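Undergrad: Before anything else, here's the structure in question.
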Amino acid sequence: MTNAISLRKILLPILICLLWPGVPTWAQPTIALTPVISSGLSAPVDVVSAGDGTNRLFVVERGGTIKVYSAAHTLVGTFLTVTGVLAGGEQGLLSLAFHPNYATNGYFFVYYTNAAGSIEIARYQVQGGNPNLGDPSTKTVILNIPKTSSETNHNGGKLNFGPDGYLYFGVGDGGGTGDPDHNAQNGQNLLGKMVRIDVNSFTTPPYYTIPATNPFATATDTLHAIYAFGLRNPWRWSFDRANGNMWLPDVGQDVAEEVNYRAAGTAGGINFGWRCYEGTSNYNTGGCLPLAAYTSPIFEYGHNNTTGGFAITGGYVYRGSQWPTLAGYYICADFISDNFWLIQPNGTGWQTTLQAGLPGGIASFGEAENGELYALALGGILYQVGVTGALPVTLLSFSAKAYTGYNEIRWKATREIDLQAYEIECSSDGSAWTRVGTVAALENNTDPDYTFKHATNLHGTIYYRLKMLDKDNTYSYSKIVSVETDPERGKELQLFPTVNTNGQLQVQLNEGFSHLQVFNMHGKVVFSQSLKQQKGVVGIDIGRYSKGMYTVVASRTGKTVSKPFLVQ
């Protein structure tokens, strides 16, 4: 792609939008970043979700610490401190990925530079009985990628599980100017490559295998784990959760930053061209094939602070529900400049829109389990990605308070122009939401106050948000607030251990119940016992239970409590 083409796409986004029927006919969305965590983070470089139904966020700090936050962005605590990390500059703990079956097997993987400067991938497991703590004793190094020189940069560093269930990671070329060791085109090492391995070998060293469908799985002159060649420093990249398409930016050298793209189902074994080419520009073409023999980027931008930048940070295709006008856009940013880009297919190519003036220093993007998108600044701020001008209304305050039998939701607004109503939505986990009421807008009042009483018997931490509806049926959401109700709930029933491997589960009943049951993940009763209002410990033999998630339910007239546990 030439600079002229890039400039044309920046100047004419609305014309292209109107000509291609696949793009909505409204104006391009304008990105807004809202800080949701603004303190307590030290050099954060990655933010991910666990895919376990909790919608928690896990923030990776370069120094080796992983912190866990609730769905409402409240710090829960330190999830894990990874040992053996060499941090500083482009080195450190760089990425985290949870196994697709994490909810049942508890495995997660980290990517970091070790004390020798090598790139290392290690596997851990969550602690039994506490989903907010990783178990440091379970560390297992599954792969080590040594550098070919003493350079400390270009480590790549993003782990992602693909739709095929395999672990992918982009590895930098090893550092130095212009890939001096020519690693990116060398099939005998993993530097400068996209790598794909199967990490489901949990008990047998080296704890991974090569997928039979890897493009070089049977090659004699190329490492079998290589999925693609020719990368310089693929710092952040992602899969589109809706279709499995791969979006693969690569940090440039002297001329340009680039975004590569591979549709789901497209064969691997491709070559992105570095160091022969930097984007579509010649770099060091000695012994190389013509440009057409390589896979070129769908978008590239030049090294300047006005319409480009100097270090691309790859993002995600937005697939959340909070900002409908963002749906289907790929969003990325430059770490040095304050520029962001929205990219979307236009029927024959790609529509690319530049947006300047946003916060700089964006080191990573992340996707919550519910599809909402976040941007992470290395300086220690986590932003939620949204849009501006979604509704002509501004919330001055929004809060929730618990009373006996109900929770009171209060908010104050201003600038209610053409606003139709507020819908109050409630969630017990910060992920799945239910509408519990609607309040009509008082439109012409000056800064009106609103109160809504939600009659509920829900207990624990309850989350609320407002869906703000305009008269043309567009909408946006408020921030999330939470309220604590009956904090003693849950102490009636305790499990030891909650993650069980020894065949015995001890159920501690601190109140009298009439019945005790165990359900498997399919809702089938696998244990049932009458209790006659007894308290104390009930032992359950679960040695023959198959691996997976189960739920203990204790009940009596008017009350039921439950707790999950894992058999592995």
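By convention here, the chains of the structure tokens are called A, B, ... in the order presented, each chain's residues are numbered starting at 1, and ligands are numbered starting at 1 in the order presented.
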Neighbouring residues of Gly106 (chain A) were defined as those with any atom within 9 Å, considering only C-alpha atoms; residues of the same chain fewer than 3 positions away were excluded. Please report them as a ChimeraX atom specification.
TA: /A:98-99,101-103,124-128,131,134
Undergrad: Mind running region 283-326 of chain A against region 209-230 of chain A at 12 Å and telling me each contacting residue's nearest atom pair with the distance in Å (one decimal), counting only C-alpha atoms, chain and number ascending, as JSON lines?
TA:
```
{"residue": "A:Cys288", "atom": "CA", "partner": "A:Gly230", "partner_atom": "CA", "distance": 11.6}
{"residue": "A:Tyr294", "atom": "CA", "partner": "A:Gly230", "partner_atom": "CA", "distance": 8.9}
{"residue": "A:Thr295", "atom": "CA", "partner": "A:Gly230", "partner_atom": "CA", "distance": 9.3}
{"residue": "A:Ser296", "atom": "CA", "partner": "A:Gly230", "partner_atom": "CA", "distance": 10.7}
{"residue": "A:Pro297", "atom": "CA", "partner": "A:Gly230", "partner_atom": "CA", "distance": 12.0}
```
Undergrad: Go ahead and save the residues from that selection, with N, CA and C atoms, as an mmCIF file, in the first residue's frame.
TA:
```
data_model
loop_
_atom_site.group_PDB
_atom_site.id
_atom_site.type_symbol
_atom_site.label_atom_id
_atom_site.label_comp_id
_atom_site.auth_asym_id
_atom_site.auth_seq_id
_atom_site.Cartn_x
_atom_site.Cartn_y
_atom_site.Cartn_z
ATOM 1 N N CYS A 288 16.633 -12.000 -1.810
ATOM 2 C CA CYS A 288 15.194 -12.091 -1.568
ATOM 3 C C CYS A 288 14.411 -12.241 -2.867
ATOM 4 N N TYR A 294 5.710 -12.263 -1.155
ATOM 5 C CA TYR A 294 5.491 -12.182 0.283
ATOM 6 C C TYR A 294 4.081 -11.648 0.561
ATOM 7 N N THR A 295 3.628 -11.824 1.794
ATOM 8 C CA THR A 295 2.324 -11.309 2.204
ATOM 9 C C THR A 295 2.490 -9.886 2.708
ATOM 10 N N SER A 296 1.903 -8.932 2.001
ATOM 11 C CA SER A 296 2.049 -7.518 2.340
ATOM 12 C C SER A 296 0.950 -7.085 3.310
ATOM 13 N N PRO A 297 1.195 -6.015 4.056
ATOM 14 C CA PRO A 297 0.188 -5.527 5.011
ATOM 15 C C PRO A 297 -1.025 -4.944 4.297
#
```
Undergrad: Just the residues within 9 Å of Tyr112 (chain A), please, counting only C-alpha atoms, with nothing from its chain fewer than 5 positions along; format it as a PyMOL selection string.
TA: chain A and resi 62+64+82+84-87+91-95+118-122+155+157
Undergrad: Would you put the residues from that selection into a file with N, CA and C atoms, as a PDB file, in the first residue's frame?
TA:
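Saved file selection-v1.pdb follows:
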```pdb
ATOM      1  N   ARG A  62       5.057  -5.411  33.834  1.00  0.00           N
ATOM      2  CA  ARG A  62       6.328  -5.822  33.239  1.00  0.00           C
ATOM      3  C   ARG A  62       7.289  -6.420  34.266  1.00  0.00           C
ATOM      4  N   GLY A  64       6.738  -8.459  36.596  1.00  0.00           N
ATOM      5  CA  GLY A  64       6.489  -9.860  36.927  1.00  0.00           C
ATOM      6  C   GLY A  64       5.197 -10.136  37.657  1.00  0.00           C
ATOM      7  N   VAL A  82       5.326 -13.824  38.874  1.00  0.00           N
ATOM      8  CA  VAL A  82       6.093 -14.799  38.100  1.00  0.00           C
ATOM      9  C   VAL A  82       7.558 -14.673  38.467  1.00  0.00           C
ATOM     10  N   GLY A  84      11.767 -15.505  38.113  1.00  0.00           N
ATOM     11  CA  GLY A  84      12.763 -15.675  37.072  1.00  0.00           C
ATOM     12  C   GLY A  84      12.651 -14.694  35.925  1.00  0.00           C
ATOM     13  N   VAL A  85      12.023 -13.537  36.163  1.00  0.00           N
ATOM     14  CA  VAL A  85      11.793 -12.550  35.109  1.00  0.00           C
ATOM     15  C   VAL A  85      12.901 -11.505  35.112  1.00  0.00           C
ATOM     16  N   LEU A  86      13.458 -11.237  33.932  1.00  0.00           N
ATOM     17  CA  LEU A  86      14.399 -10.132  33.743  1.00  0.00           C
ATOM     18  C   LEU A  86      13.624  -8.986  33.107  1.00  0.00           C
ATOM     19  N   ALA A  87      13.469  -7.882  33.848  1.00  0.00           N
ATOM     20  CA  ALA A  87      12.595  -6.793  33.400  1.00  0.00           C
ATOM     21  C   ALA A  87      13.385  -5.521  33.161  1.00  0.00           C
ATOM     22  N   GLN A  91      12.154  -5.856  27.927  1.00  0.00           N
ATOM     23  CA  GLN A  91      12.174  -7.141  28.605  1.00  0.00           C
ATOM     24  C   GLN A  91      11.218  -7.141  29.792  1.00  0.00           C
ATOM     25  N   GLY A  92      10.835  -8.335  30.222  1.00  0.00           N
ATOM     26  CA  GLY A  92       9.988  -8.470  31.390  1.00  0.00           C
ATOM     27  C   GLY A  92       8.913  -9.506  31.177  1.00  0.00           C
ATOM     28  N   LEU A  93       7.943  -9.511  32.095  1.00  0.00           N
ATOM     29  CA  LEU A  93       6.748 -10.330  31.900  1.00  0.00           C
ATOM     30  C   LEU A  93       5.889  -9.615  30.872  1.00  0.00           C
ATOM     31  N   LEU A  94       5.602 -10.264  29.747  1.00  0.00           N
ATOM     32  CA  LEU A  94       5.030  -9.572  28.600  1.00  0.00           C
ATOM     33  C   LEU A  94       3.611  -9.979  28.262  1.00  0.00           C
ATOM     34  N   SER A  95       3.174 -11.176  28.641  1.00  0.00           N
ATOM     35  CA  SER A  95       1.835 -11.592  28.232  1.00  0.00           C
ATOM     36  C   SER A  95       1.326 -12.734  29.096  1.00  0.00           C
ATOM     37  N   SER A 118      16.718 -14.918  27.531  1.00  0.00           N
ATOM     38  CA  SER A 118      15.956 -15.748  26.599  1.00  0.00           C
ATOM     39  C   SER A 118      14.466 -15.511  26.779  1.00  0.00           C
ATOM     40  N   ILE A 119      13.718 -15.828  25.752  1.00  0.00           N
ATOM     41  CA  ILE A 119      12.260 -15.775  25.825  1.00  0.00           C
ATOM     42  C   ILE A 119      11.773 -17.113  26.372  1.00  0.00           C
ATOM     43  N   GLU A 120      10.879 -17.057  27.335  1.00  0.00           N
ATOM     44  CA  GLU A 120      10.428 -18.278  27.980  1.00  0.00           C
ATOM     45  C   GLU A 120       8.901 -18.269  28.099  1.00  0.00           C
ATOM     46  N   ILE A 121       8.302 -19.441  27.904  1.00  0.00           N
ATOM     47  CA  ILE A 121       6.869 -19.619  28.116  1.00  0.00           C
ATOM     48  C   ILE A 121       6.697 -20.655  29.212  1.00  0.00           C
ATOM     49  N   ALA A 122       5.921 -20.289  30.226  1.00  0.00           N
ATOM     50  CA  ALA A 122       5.703 -21.189  31.355  1.00  0.00           C
ATOM     51  C   ALA A 122       4.210 -21.380  31.591  1.00  0.00           C
ATOM     52  N   ASN A 155      11.411  -8.654  21.436  1.00  0.00           N
ATOM     53  CA  ASN A 155      11.038  -9.939  22.030  1.00  0.00           C
ATOM     54  C   ASN A 155       9.631 -10.379  21.645  1.00  0.00           C
ATOM     55  N   GLY A 157       5.910 -10.962  22.052  1.00  0.00           N
ATOM     56  CA  GLY A 157       5.418 -11.218  23.392  1.00  0.00           C
ATOM     57  C   GLY A 157       3.941 -11.300  23.615  1.00  0.00           C
TER      58      GLY A 157
END
```
Undergrad: So, with only C-alpha atoms as the atoms that count, which of A:Ile343, A:Ala256, A:Ala455, A:Ala292 lies closest to Phe310 (chain A)?
TA: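 Ranking A:Ile343, A:Ala256, A:Ala455, A:Ala292 by distance to Phe310 (chain A), first place goes to A:Ala256.
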Undergrad: For Lys147 (chain A), list every protein, DNA or RNA residue within 8 Å, evaluated using only C-alpha atoms, and leave out those in the same chain fewer than 3 positions away; present the list as a VMD selection string.
TA: chain A and resid 117 to 119 150 to 151 174 191
Undergrad: Those residues with N, CA and C atoms, as a JSON list (two decimals), in the first residue's frame please?
TA:
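Output file result.json is given in full below:
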```
[["chain", "number", "residue", "atom", "x", "y", "z"],
["A", 117, "GLY", "N", 18.08, -13.63, 29.50],
["A", 117, "GLY", "CA", 17.65, -12.83, 28.36],
["A", 117, "GLY", "C", 16.89, -13.62, 27.31],
["A", 118, "SER", "N", 16.72, -14.92, 27.53],
["A", 118, "SER", "CA", 15.96, -15.75, 26.60],
["A", 118, "SER", "C", 14.47, -15.51, 26.78],
["A", 119, "ILE", "N", 13.72, -15.83, 25.75],
["A", 119, "ILE", "CA", 12.26, -15.77, 25.83],
["A", 119, "ILE", "C", 11.77, -17.11, 26.37],
["A", 150, "SER", "N", 23.34, -10.54, 22.15],
["A", 150, "SER", "CA", 23.11, -9.95, 23.47],
["A", 150, "SER", "C", 22.07, -8.82, 23.42],
["A", 151, "GLU", "N", 21.43, -8.61, 22.28],
["A", 151, "GLU", "CA", 20.42, -7.56, 22.17],
["A", 151, "GLU", "C", 19.24, -7.87, 23.11],
["A", 174, "GLY", "N", 14.73, -10.79, 17.58],
["A", 174, "GLY", "CA", 15.88, -10.92, 18.47],
["A", 174, "GLY", "C", 16.61, -9.62, 18.72],
["A", 191, "LEU", "N", 12.88, -17.12, 16.24],
["A", 191, "LEU", "CA", 12.89, -15.67, 16.28],
["A", 191, "LEU", "C", 12.34, -15.10, 14.97]]
```
Undergrad: Pick from A:Phe513, A:Tyr477, A:Trp350, A:Tyr463: nearest to Ser562 (chain A), with only C-alpha atoms counted?
TA: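 The shortest atom-to-atom distance to Ser562 (chain A) comes from A:Phe513.
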Undergrad: Run DSSP on the backbone and grab whatever in region 194-344 of chain A lands in strand (DSSP E); send it over as a PyMOL selection string.
TA: chain A and resi 194-197+226-228+238-239+246-250+256-262+277-278+281-282+299-302+312-317+330-334+340-344
Undergrad: Can you tell me how far CA of Gln517 (chain A) sits from CA of Val553 (chain A), in Å to one decimal?
TA: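 Answer for the CA of Gln517 (chain A) to CA of Val553 (chain A) separation: 5.2 Å.
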Undergrad: From the options A:Asn200, A:Thr83, A:Asp173, A:Gly371, which residue's atoms come nearest to Tyr107 (chain A), counting only C-alpha atoms?
TA: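 Closest residue, counting only C-alpha atoms: A:Asn200.
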Undergrad: So that I can see what lies close to Leu509 (chain A), please list as a JSON list (two decimals) with N, CA and C atoms, in the first residue's frame the residues with an atom at most 8 Å from it, counting only C-alpha atoms and leaving out residues fewer than 6 positions away in the same chain.
TA:
```json
[["chain", "number", "residue", "atom", "x", "y", "z"],
["A", 492, "GLU", "N", -22.66, -19.90, 55.26],
["A", 492, "GLU", "CA", -23.46, -21.02, 55.75],
["A", 492, "GLU", "C", -22.88, -22.36, 55.27],
["A", 493, "LEU", "N", -22.14, -22.31, 54.14],
["A", 493, "LEU", "CA", -21.66, -23.54, 53.52],
["A", 493, "LEU", "C", -20.23, -23.30, 53.03],
["A", 494, "GLN", "N", -19.31, -24.16, 53.45],
["A", 494, "GLN", "CA", -17.92, -24.04, 53.02],
["A", 494, "GLN", "C", -17.42, -25.41, 52.56],
["A", 534, "GLN", "N", -29.21, -30.88, 60.22],
["A", 534, "GLN", "CA", -27.96, -31.04, 60.94],
["A", 534, "GLN", "C", -26.93, -29.99, 60.51],
["A", 535, "LYS", "N", -25.99, -29.69, 61.43],
["A", 535, "LYS", "CA", -24.84, -28.85, 61.16],
["A", 535, "LYS", "C", -23.59, -29.72, 61.20],
["A", 536, "GLY", "N", -22.44, -29.10, 60.89],
["A", 536, "GLY", "CA", -21.19, -29.83, 60.97],
["A", 536, "GLY", "C", -20.66, -30.22, 59.61],
["A", 537, "VAL", "N", -19.86, -31.28, 59.59],
["A", 537, "VAL", "CA", -19.16, -31.69, 58.36],
["A", 537, "VAL", "C", -19.83, -32.92, 57.78],
["A", 538, "VAL", "N", -20.06, -32.85, 56.47],
["A", 538, "VAL", "CA", -20.56, -34.00, 55.71],
["A", 538, "VAL", "C", -19.49, -34.36, 54.68]]
```
Undergrad: At what distance in Å, to one decimal, does CA of Gly309 (chain A) lie from CA of Ala368 (chain A)?
TA: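 That distance, rounded to one decimal, is 27.0 Å.
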Undergrad: Would you list the contacts of Val36 (chain A) as a list of chain:residue names, taking every protein, DNA or RNA residue within 12 Å and counting only C-alpha atoms, but skipping same-chain residues closer than 2 positions in sequence?
TA: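 The residues that qualify are A:Leu33, A:Thr34, A:Ser38, A:Ser39, A:Gly40, A:Leu41, A:Leu57, A:Tyr69, A:Ser70, A:Ala71, A:Ala72, A:His73, A:Thr74, A:Leu75, A:Leu373, A:Tyr374, A:Ala375, A:Leu376, A:Ala377, A:Gly380, A:Ile381, A:Leu382, A:Tyr383, A:Gln384, A:Val385, A:Gly386, A:Lys479, A:Ile480, A:Val481.
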